[in-house]
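Student: File entry_14.txt follows (compact mmCIF, C-alpha atoms):
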```
# COMPACT_ATOMS: atom_id res chain seq x y z
CA MET A 1 -4.78 9.93 46.88
CA THR A 2 -6.46 13.20 45.91
CA THR A 3 -7.67 15.65 48.54
CA THR A 4 -11.41 15.81 48.09
CA SER A 5 -14.11 18.22 49.24
CA TYR A 6 -17.37 16.45 50.05
CA SER A 7 -19.58 19.54 50.39
CA SER A 8 -22.21 18.11 48.04
CA LEU A 9 -22.73 15.04 50.27
CA PRO A 10 -24.78 14.85 53.49
CA SER A 11 -22.54 15.88 56.38
CA ASP A 12 -22.81 12.53 58.19
CA VAL A 13 -21.74 10.73 55.02
CA ALA A 14 -18.93 13.17 54.28
CA ASP A 15 -17.53 12.77 57.79
CA ARG A 16 -17.20 9.00 57.25
CA LEU A 17 -15.08 9.50 54.13
CA ARG A 18 -12.51 12.02 55.33
CA GLY A 19 -9.04 10.57 55.90
CA ILE A 20 -9.80 7.12 54.43
CA GLU A 21 -6.75 5.54 52.77
CA LEU A 22 -6.46 2.44 50.63
CA PRO A 23 -4.69 -0.52 52.25
CA ASP A 24 -1.50 -1.86 50.68
CA PRO A 25 -1.82 -4.56 49.52
CA LEU A 26 -5.51 -4.24 48.75
CA GLY A 27 -6.40 -7.92 49.02
CA PHE A 28 -10.09 -8.73 48.56
CA GLY A 29 -12.55 -7.15 50.98
CA ARG A 30 -9.97 -6.03 53.57
CA LEU A 31 -11.42 -2.53 53.78
CA MET A 32 -15.17 -1.97 53.70
CA ALA A 33 -16.13 1.48 52.46
CA PRO A 34 -17.66 3.37 55.42
CA VAL A 35 -20.68 4.43 53.34
CA MET A 36 -23.43 2.35 51.75
CA SER A 37 -26.67 2.84 49.84
CA ILE A 38 -29.91 1.66 51.44
CA ALA A 39 -33.63 1.56 50.65
CA TYR A 40 -36.65 -0.26 52.08
CA HIS A 41 -39.69 -1.70 50.37
CA ARG A 42 -42.81 -1.07 52.47
CA ASP A 43 -46.51 -0.90 51.71
CA GLY A 44 -45.91 -2.22 48.21
CA ALA A 45 -43.37 0.41 47.07
CA TRP A 46 -39.64 1.07 47.16
CA GLU A 47 -38.16 4.10 48.88
CA THR A 48 -35.52 6.06 46.97
CA PRO A 49 -32.06 4.67 47.83
CA ARG A 50 -29.99 7.01 49.98
CA LEU A 51 -26.39 7.14 51.16
CA THR A 52 -25.75 6.40 54.81
CA GLY A 53 -22.98 5.22 57.09
CA LEU A 54 -21.98 1.55 57.17
CA ASP A 55 -23.63 0.78 60.51
CA PRO A 56 -25.30 -2.33 61.97
CA LEU A 57 -28.87 -2.82 60.80
CA PRO A 58 -31.73 -2.98 63.32
CA LEU A 59 -32.98 -6.54 62.74
CA ALA A 60 -35.37 -8.44 64.98
CA PRO A 61 -34.28 -11.99 65.91
CA HIS A 62 -37.27 -13.30 63.95
CA THR A 63 -36.47 -11.36 60.77
CA GLN A 64 -37.71 -13.53 57.92
CA ALA A 65 -34.44 -13.74 55.94
CA LEU A 66 -32.55 -15.09 58.97
CA HIS A 67 -34.84 -18.12 59.15
CA TYR A 68 -35.97 -18.84 55.60
CA GLY A 69 -33.14 -17.51 53.46
CA GLN A 70 -35.07 -14.99 51.37
CA ALA A 71 -31.90 -13.16 50.34
CA ILE A 72 -30.10 -12.41 47.07
CA PHE A 73 -27.07 -10.43 45.95
CA GLU A 74 -25.05 -9.29 42.97
CA GLY A 75 -21.29 -8.95 42.52
CA MET A 76 -20.04 -6.15 40.29
CA LYS A 77 -17.27 -3.56 40.09
CA ALA A 78 -16.37 0.04 39.46
CA TYR A 79 -13.03 0.44 37.67
CA ARG A 80 -10.68 3.39 37.41
CA ASN A 81 -11.10 4.96 33.98
CA LEU A 82 -7.61 4.74 32.46
CA GLY A 83 -8.62 5.68 28.91
CA THR A 84 -9.50 8.90 27.11
CA ALA A 85 -12.88 8.10 25.57
CA PHE A 86 -14.86 9.32 28.61
CA PRO A 87 -13.21 12.53 29.86
CA GLY A 88 -14.56 13.84 33.15
CA SER A 89 -15.50 10.35 34.33
CA PRO A 90 -12.87 9.00 36.74
CA SER A 91 -14.65 5.66 37.16
CA MET A 92 -16.42 3.06 35.01
CA LEU A 93 -19.14 0.55 35.80
CA PHE A 94 -19.18 -2.62 33.71
CA ARG A 95 -22.52 -3.68 32.18
CA PRO A 96 -24.61 -2.35 35.09
CA TYR A 97 -27.96 -2.91 33.39
CA GLU A 98 -27.14 -6.58 32.82
CA HIS A 99 -26.48 -6.86 36.54
CA ALA A 100 -29.76 -5.06 37.27
CA ARG A 101 -31.66 -7.53 35.11
CA ARG A 102 -29.99 -10.53 36.75
CA PHE A 103 -30.70 -9.03 40.20
CA ASN A 104 -34.37 -8.83 39.30
CA ARG A 105 -34.41 -12.40 37.99
CA SER A 106 -33.04 -13.50 41.35
CA ALA A 107 -35.66 -11.40 43.15
CA THR A 108 -38.49 -12.92 41.12
CA ARG A 109 -37.28 -16.48 41.75
CA LEU A 110 -37.26 -15.89 45.54
CA GLY A 111 -40.63 -14.13 45.64
CA MET A 112 -39.22 -10.64 46.15
CA PRO A 113 -40.17 -7.34 44.48
CA GLU A 114 -38.17 -6.16 41.50
CA LEU A 115 -36.26 -2.89 41.70
CA ASP A 116 -36.49 -0.51 38.75
CA GLU A 117 -33.31 -0.98 36.70
CA ARG A 118 -32.75 2.77 36.52
CA VAL A 119 -33.05 3.07 40.30
CA PHE A 120 -30.60 0.18 40.73
CA VAL A 121 -28.02 1.79 38.42
CA HIS A 122 -28.51 5.26 39.91
CA ALA A 123 -27.84 3.87 43.41
CA LEU A 124 -24.57 2.43 42.09
CA GLU A 125 -23.62 5.71 40.41
CA GLU A 126 -24.36 7.73 43.53
CA LEU A 127 -22.30 5.44 45.77
CA VAL A 128 -19.36 5.20 43.36
CA THR A 129 -19.37 8.98 42.90
CA ALA A 130 -19.16 9.49 46.66
CA LEU A 131 -16.44 6.82 46.98
CA GLU A 132 -14.41 7.95 43.95
CA PRO A 133 -11.13 8.35 45.93
CA LEU A 134 -11.49 4.71 47.01
CA VAL A 135 -11.51 3.40 43.44
CA PRO A 136 -7.94 2.04 43.13
CA GLY A 137 -5.84 3.05 40.15
CA GLN A 138 -4.00 -0.07 38.99
CA GLN A 139 -5.32 -2.21 36.15
CA GLY A 140 -7.16 -5.23 37.57
CA GLN A 141 -8.04 -3.47 40.81
CA SER A 142 -11.54 -2.15 41.43
CA LEU A 143 -14.13 -0.93 43.87
CA TYR A 144 -16.08 -4.16 44.34
CA LEU A 145 -19.83 -3.55 44.75
CA ARG A 146 -22.29 -5.84 46.50
CA PRO A 147 -25.98 -5.02 45.83
CA THR A 148 -28.06 -7.09 48.25
CA MET A 149 -31.75 -7.62 49.00
CA PHE A 150 -33.34 -9.57 51.83
CA GLY A 151 -36.73 -10.08 53.43
CA SER A 152 -36.84 -7.80 56.46
CA THR A 153 -40.28 -8.60 57.91
CA ALA A 154 -40.14 -9.76 61.54
CA ASP A 155 -42.37 -12.84 61.26
CA LEU A 156 -41.80 -16.57 61.72
CA SER A 157 -44.67 -17.52 59.41
CA VAL A 158 -43.41 -19.61 56.49
CA VAL A 159 -44.56 -17.10 53.90
CA PRO A 160 -42.74 -14.53 51.75
CA SER A 161 -41.68 -11.38 53.54
CA THR A 162 -43.79 -8.26 52.98
CA GLU A 163 -40.95 -5.82 53.69
CA PHE A 164 -37.52 -5.83 52.08
CA CYS A 165 -34.17 -4.11 52.46
CA PHE A 166 -31.94 -3.18 49.51
CA LEU A 167 -28.27 -2.41 50.18
CA VAL A 168 -25.19 -1.61 48.11
CA LEU A 169 -21.90 -2.21 49.92
CA ALA A 170 -18.43 -1.45 48.55
CA THR A 171 -14.86 -2.55 49.15
CA PRO A 172 -11.69 -1.56 47.23
CA SER A 173 -10.11 -4.81 46.09
CA ASP A 174 -7.71 -6.72 43.94
CA ALA A 175 -9.13 -9.48 41.78
CA PHE A 176 -10.32 -12.43 43.88
CA PHE A 177 -7.60 -14.60 42.32
CA THR A 178 -4.39 -12.91 41.15
CA ALA A 179 -2.51 -16.13 40.28
CA PRO A 180 -3.48 -19.44 38.61
CA ILE A 181 -5.74 -21.59 40.75
CA SER A 182 -6.20 -25.27 41.53
CA ALA A 183 -9.61 -26.94 41.07
CA TRP A 184 -11.05 -29.79 43.12
CA ILE A 185 -13.68 -31.92 41.36
CA GLU A 186 -16.63 -32.37 43.74
CA ARG A 187 -18.03 -35.84 43.16
CA HIS A 188 -20.59 -36.21 45.99
CA TYR A 189 -22.36 -32.99 46.88
CA SER A 190 -24.35 -31.06 44.25
CA ARG A 191 -24.38 -27.31 43.85
CA ALA A 192 -27.92 -27.14 42.43
CA GLY A 193 -30.76 -29.30 41.21
CA ALA A 194 -33.22 -28.89 38.36
CA GLY A 195 -36.00 -26.48 39.25
CA GLY A 196 -34.03 -25.02 42.18
CA THR A 197 -32.20 -21.72 42.62
CA GLY A 198 -28.92 -22.59 40.90
CA ALA A 199 -29.50 -20.09 38.08
CA VAL A 200 -29.84 -17.09 40.43
CA LYS A 201 -27.62 -15.48 43.06
CA ALA A 202 -29.47 -16.75 46.11
CA ALA A 203 -27.45 -16.45 49.31
CA GLY A 204 -28.20 -20.04 50.31
CA ASN A 205 -26.49 -21.39 47.20
CA TYR A 206 -23.16 -20.34 48.66
CA ALA A 207 -23.82 -21.49 52.22
CA ALA A 208 -24.63 -24.95 50.84
CA SER A 209 -21.11 -25.18 49.40
CA PHE A 210 -19.24 -24.59 52.65
CA ALA A 211 -19.25 -28.16 53.99
CA ALA A 212 -18.20 -29.52 50.60
CA ALA A 213 -15.26 -27.10 50.57
CA ALA A 214 -13.45 -28.79 53.49
CA PRO A 215 -11.16 -30.81 51.16
CA LEU A 216 -9.98 -27.56 49.59
CA ARG A 217 -8.35 -26.44 52.81
CA GLU A 218 -7.04 -29.91 53.63
CA ASN A 219 -5.42 -30.42 50.21
CA GLY A 220 -4.36 -26.87 49.34
CA PHE A 221 -6.88 -26.32 46.53
CA HIS A 222 -8.71 -23.08 45.72
CA GLN A 223 -12.11 -23.81 44.15
CA LEU A 224 -14.67 -26.59 43.92
CA LEU A 225 -15.55 -27.66 40.38
CA TRP A 226 -19.15 -28.86 40.53
CA LEU A 227 -20.67 -31.62 38.42
CA ASP A 228 -24.30 -32.12 37.41
CA ALA A 229 -26.63 -33.27 40.18
CA VAL A 230 -28.09 -36.28 38.33
CA GLU A 231 -25.15 -38.34 37.03
CA HIS A 232 -22.12 -36.37 38.29
CA THR A 233 -20.52 -36.70 34.87
CA HIS A 234 -20.64 -33.19 33.36
CA LEU A 235 -19.05 -29.92 34.46
CA GLU A 236 -21.42 -27.25 35.71
CA GLU A 237 -19.42 -24.39 37.26
CA PHE A 238 -17.04 -23.42 40.05
CA THR A 239 -18.44 -22.24 43.37
CA ALA A 240 -17.79 -18.59 42.49
CA MET A 241 -17.23 -18.70 38.71
CA ASN A 242 -18.41 -20.16 35.44
CA VAL A 243 -16.07 -22.62 33.71
CA PHE A 244 -14.51 -22.69 30.22
CA VAL A 245 -12.39 -25.37 28.53
CA ARG A 246 -10.17 -24.73 25.49
CA ARG A 247 -9.21 -27.62 23.24
CA GLY A 248 -7.15 -26.32 20.30
CA GLU A 249 -8.88 -23.21 18.91
CA ARG A 250 -12.25 -24.23 20.31
CA LEU A 251 -13.52 -22.72 23.56
CA VAL A 252 -16.42 -24.51 25.27
CA THR A 253 -18.60 -23.66 28.26
CA PRO A 254 -21.60 -25.62 29.59
CA PRO A 255 -24.94 -24.34 28.25
CA LEU A 256 -27.09 -22.32 30.62
CA SER A 257 -29.79 -24.18 32.51
CA ASP A 258 -31.68 -23.77 35.77
CA THR A 259 -28.61 -25.15 37.57
CA ILE A 260 -26.00 -22.77 36.10
CA LEU A 261 -25.70 -19.05 36.80
CA ALA A 262 -25.85 -16.76 33.77
CA GLY A 263 -22.54 -15.03 34.44
CA ILE A 264 -22.04 -11.52 33.06
CA THR A 265 -18.34 -12.26 32.55
CA ARG A 266 -19.22 -15.57 30.87
CA ASP A 267 -21.50 -13.76 28.43
CA SER A 268 -18.81 -11.13 27.80
CA LEU A 269 -16.19 -13.76 26.95
CA LEU A 270 -18.58 -15.50 24.57
CA GLY A 271 -18.89 -12.18 22.76
CA LEU A 272 -15.15 -11.42 22.77
CA GLY A 273 -13.82 -14.85 21.76
CA PRO A 274 -14.44 -14.65 17.99
CA SER A 275 -12.48 -11.39 17.74
CA LEU A 276 -9.49 -13.32 19.13
CA GLY A 277 -9.85 -16.10 16.58
CA LEU A 278 -11.58 -18.53 18.92
CA ARG A 279 -14.54 -20.73 18.07
CA MET A 280 -17.03 -20.38 20.93
CA ASP A 281 -19.41 -23.23 21.75
CA GLU A 282 -21.92 -23.91 24.51
CA GLU A 283 -22.24 -27.64 25.08
CA PRO A 284 -21.94 -30.21 27.88
CA ILE A 285 -18.40 -31.07 29.02
CA ASN A 286 -17.90 -34.66 30.18
CA VAL A 287 -15.51 -34.74 33.13
CA HIS A 288 -14.12 -38.19 32.22
CA GLU A 289 -13.41 -37.16 28.63
CA LEU A 290 -11.72 -34.00 29.89
CA THR A 291 -9.43 -35.73 32.39
CA ASP A 292 -8.55 -38.44 29.85
CA ALA A 293 -7.62 -35.78 27.29
CA ILE A 294 -5.42 -33.96 29.82
CA ARG A 295 -3.67 -37.22 30.70
CA ALA A 296 -3.10 -37.87 26.98
CA GLY A 297 -1.24 -34.57 26.68
CA GLU A 298 -3.78 -32.70 24.54
CA ASP A 299 -3.50 -28.92 24.22
CA ILE A 300 -6.10 -27.98 26.84
CA GLU A 301 -6.79 -25.02 29.09
CA VAL A 302 -9.36 -24.80 31.86
CA PHE A 303 -10.29 -21.50 33.46
CA GLY A 304 -12.96 -19.86 35.54
CA CYS A 305 -14.52 -16.48 34.96
CA GLY A 306 -16.62 -14.17 37.08
CA THR A 307 -16.84 -10.64 38.40
CA GLY A 308 -14.58 -11.24 41.38
CA ALA A 309 -11.93 -13.25 39.55
CA VAL A 310 -12.29 -11.75 36.03
CA VAL A 311 -10.53 -14.74 34.37
CA ALA A 312 -8.70 -17.30 36.52
CA PRO A 313 -6.53 -19.94 34.75
CA VAL A 314 -6.47 -23.40 36.32
CA GLU A 315 -3.01 -24.89 36.84
CA LEU A 316 -4.02 -28.12 38.59
CA ILE A 317 -7.11 -30.36 38.71
CA GLY A 318 -7.55 -32.92 41.47
CA ASP A 319 -10.05 -34.95 43.47
CA GLU A 320 -10.37 -37.24 46.49
CA SER A 321 -9.06 -40.29 44.58
CA GLY A 322 -5.59 -38.76 44.43
CA LEU A 323 -6.03 -37.42 40.90
CA ARG A 324 -3.56 -34.61 40.22
CA LEU A 325 -3.46 -33.25 36.66
CA PRO A 326 -1.25 -30.21 35.97
CA LEU A 327 -2.33 -27.79 33.23
CA PRO A 328 0.64 -25.77 31.97
CA ALA A 329 -1.21 -23.98 29.12
CA ARG A 330 -2.78 -20.68 30.18
CA SER A 331 -2.17 -18.25 27.30
CA THR A 332 -5.78 -18.01 26.08
CA ALA A 333 -7.13 -17.32 29.54
CA LEU A 334 -4.55 -14.60 30.11
CA ARG A 335 -5.29 -13.04 26.72
CA LEU A 336 -9.02 -12.96 27.45
CA ARG A 337 -8.35 -11.50 30.88
CA GLU A 338 -6.18 -8.72 29.43
CA THR A 339 -8.76 -7.93 26.72
CA LEU A 340 -11.60 -7.74 29.21
CA LEU A 341 -9.66 -5.58 31.67
CA ASP A 342 -8.76 -3.16 28.88
CA ILE A 343 -12.48 -2.75 28.22
CA GLN A 344 -13.39 -2.44 31.90
CA HIS A 345 -10.78 0.29 32.42
CA GLY A 346 -11.83 2.20 29.29
CA LEU A 347 -8.60 1.51 27.41
CA THR A 348 -10.35 0.04 24.39
CA SER A 349 -13.81 0.23 22.86
CA ALA A 350 -16.61 -2.19 23.70
CA PRO A 351 -20.17 -3.07 22.66
CA GLU A 352 -22.82 -0.54 23.62
CA GLY A 353 -23.77 -0.63 27.29
CA TRP A 354 -20.65 -2.43 28.49
CA GLN A 355 -18.76 0.71 29.56
CA TRP A 356 -20.74 2.96 31.89
CA PRO A 357 -18.83 6.13 32.86
CA VAL A 358 -19.51 7.56 36.32
CA ASN A 359 -19.01 11.31 36.67
CA ALA A 360 -17.17 12.90 39.56
CA LEU A 361 -18.81 15.11 42.18
CA PRO A 362 -18.80 18.79 41.15
CA ASP A 363 -16.11 19.53 43.73
CA THR A 364 -14.06 16.34 43.29
CA PRO A 365 -10.63 16.93 41.69
CA GLN A 366 -9.69 14.52 38.89
CA ALA A 367 -7.07 11.92 39.75
```
Would you mind giving the structure from this file in structure tokens?
Tutor:
Amino acid sequence: MTTTSYSSLPSDVADRLRGIELPDPLGFGRLMAPVMSIAYHRDGAWETPRLTGLDPLPLAPHTQALHYGQAIFEGMKAYRNLGTAFPGSPSMLFRPYEHARRFNRSATRLGMPELDERVFVHALEELVTALEPLVPGQQGQSLYLRPTMFGSTADLSVVPSTEFCFLVLATPSDAFFTAPISAWIERHYSRAGAGGTGAVKAAGNYAASFAAAAPLRENGFHQLLWLDAVEHTHLEEFTAMNVFVRRGERLVTPPLSDTILAGITRDSLLGLGPSLGLRMDEEPINVHELTDAIRAGEDIEVFGCGTGAVVAPVELIGDESGLRLPLPARSTALRLRETLLDIQHGLTSAPEGWQWPVNALPDTPQA
């Protein structure tokens, strides 16, 4: 790791960063960066986000978000710049303005104030710049970023909060899944219903999946594969990823609705697929037709995609009935993963706005 001078940072922030070393192996979320960005919304306006130490927050026991779940988050990453197109920028954000827009859609759905997209992105840039030595250098690794907003008013009234806290946390990490995964078809619980919060990153969406995930641990599976809430016949998404199915040269993902999250990685793969000779379609995927086709030996791949996982091939599909269907084909998923990582690390060109270089501090040596 480079030896860095932090003279351009506040002294309390700089002190937190001295002597920090990356763990080996990185894992996912093993080391929280000791610095975060924070801002409060009071009296109808946002403060300017500022860097501060990663310390406990002063929350009253009757803080609104703790009781009524008015909380949202984003998942995104800063990558080491391994290319030559952006000299002087050791790190890269991936599609930060798309994440800002999705963050605001989540805020609107939960009755929370939007944050100016430029302020959102600047808070990311400032934090990543300060944490530049914690951005790992191997392809596929990243500084995972967690922008978060929650209602911070201390009030038990069942009304929207009037004060809010915005945070950006960071943790140097490997991809969430570094090997092929197994998928468990969830046939009873539903991830989201029409008109609910399934299309946004509401914190409660994830808490609601925890009880359903018990069979994963008991049977050695990695991710729940959710079906629609009405008939339980069509794929929706994984708990932490969107889903794609390849049959021949055709790549299909369920169409967006108010029960499916508009994944940034999902959208990126839809844009990249044609350049790899794939026909990309958005249409419903019947779970019975899919499992029958796998049993019949068709050329099929299933994979998940998301910020944390990038692209995660599925090697086994199962359920409570004893269904166990191996999926040996994974070449398309791996090719898409490699293509996307090359873009995220600045090794190849990308559509405008996808690659967002982050400059180093004036006194930060280049890695």
Student: Applying 6 Å and all atoms listed in the file, which residues near segment 152-166 of chain A remain after dropping the ones on its own chain fewer than 2 positions away? List them as a ChimeraX atom specification.
Tutor: /A:38-42,62-64,148-150
Student: As a PyMOL selection string, please: the residues near Thr265 of chain A (cut-off 8 Å, all atoms listed in the file, same-chain neighbours under 6 positions excluded).
Tutor: chain A and resi 305-307+310
Student: Report, in Å with one decimal, the straight-line distance from atom CA of Pro133 of chain A to atom CA of Arg95 of chain A.
Tutor: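 Separation between atom CA of Pro133 of chain A and atom CA of Arg95 of chain A: 21.5 Å.
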Student: Have a look at A:Ser37, A:Ser182, A:Asn81, A:Thr108 and name the one nearest to Gln138 of chain A; count all atoms listed in the file.
Tutor: A:Asn81
Student: Select, from A:Thr339, A:Thr253, A:Ser142, A:Asn205, the residue with the minimum atom-to-atom distance to Phe176 of chain A, counting all atoms listed in the file.
Tutor: A:Ser142
Student: Please determine an axis-aligned box that encloses all atoms of segment 215-224 of chain A listed in the file, with 5 Å added on each side, and express its centre and edge lengths in Å to one decimal as JSON.
Tutor:
```
{"center_x": -9.5, "center_y": -26.9, "center_z": 48.8, "size_x": 20.3, "size_y": 17.7, "size_z": 19.7}
```
Student: Measuring between all atoms listed in the file, which one of A:Thr239, A:Gly29, A:Val121, A:Val230 shows the shortest distance to Ala212 of chain A?
Tutor: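 Closest residue, counting all atoms listed in the file: A:Thr239.
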Student: Rank nothing, just name the residue among A:Leu143, A:Arg191, A:Ala202, A:His67 nearest to Thr129 of chain A, using all atoms listed in the file.
Tutor: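 Smallest distance to Thr129 of chain A is found for A:Leu143.
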Student: Which segment 89-166 of chain A residues have any atom within 10 Å of an atom of segment 44-56 of chain A, and for each, what is the nearest pair of atoms with distance in Å to one decimal, counting all atoms listed in the file, rows sorted by chain and number, as CSV?
Tutor:
```
residue,atom,partner,partner_atom,distance
A:Pro113,CA,A:Gly44,CA,8.5
A:Glu114,CA,A:Trp46,CA,9.3
A:Leu115,CA,A:Trp46,CA,7.5
A:Asp116,CA,A:Trp46,CA,9.1
A:Val119,CA,A:Thr48,CA,7.7
A:Phe120,CA,A:Pro49,CA,8.5
A:His122,CA,A:Pro49,CA,8.7
A:Ala123,CA,A:Pro49,CA,6.2
A:Leu124,CA,A:Pro49,CA,9.7
A:Glu126,CA,A:Leu51,CA,7.9
A:Leu127,CA,A:Leu51,CA,7.0
A:Ala130,CA,A:Leu51,CA,8.8
A:Thr162,CA,A:Gly44,CA,8.0
A:Glu163,CA,A:Gly44,CA,8.2
A:Phe164,CA,A:Trp46,CA,8.7
A:Cys165,CA,A:Trp46,CA,9.2
A:Phe166,CA,A:Pro49,CA,8.0
```
Student: Report the distance between atom CA of His345 of chain A and atom CA of Ser91 of chain A in Å, rounded to one decimal place.
Tutor: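 Those two atoms sit 8.1 Å apart.
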Student: How far is it from atom CA of Phe303 of chain A to atom CA of Arg101 of chain A, in Å with one decimal?
Tutor: 25.6 Å
Student: Which residue, A:Gly151, A:Pro215, A:Gly88, A:Gly75, has the smallest gap to Gly263 of chain A when you use all atoms listed in the file?
Tutor: A:Gly75
Student: Using only C-alpha atoms, what does the table of segment 186-238 of chain A residues within 12 Å of segment 289-297 of chain A look like, with each row giving the shortest atom pair and its distance in Å to one decimal, sorted by chain and ascending number, as JSON lines?
Tutor:
```
{"residue": "A:Thr233", "atom": "CA", "partner": "A:Glu289", "partner_atom": "CA", "distance": 9.5}
{"residue": "A:His234", "atom": "CA", "partner": "A:Glu289", "partner_atom": "CA", "distance": 9.5}
{"residue": "A:Leu235", "atom": "CA", "partner": "A:Leu290", "partner_atom": "CA", "distance": 9.6}
```
Student: Which of these, A:Ala33, A:Ala100, A:Leu216, A:Ala240, has the shortest distance to Tyr144 of chain A once you count all atoms listed in the file?
Tutor: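 With all atoms listed in the file as the atom set, the closest residue is A:Ala33.
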Student: I want to know what sits within 9 Å of Tyr189 of chain A, based on only C-alpha atoms, with residues of the same chain fewer than 3 positions away left out; could you give that as a VMD selection string?
Tutor: chain A and resid 186 209 212 226 to 227 229
Student: Show me the residues close to (-15.0, -15.1, 25.4) - anything with an atom within 12 Å, counting only C-alpha atoms - and format the list as a PyMOL selection string.
Tutor: chain A and resi 242-246+250-253+263-282+303-306+310-311+332-340
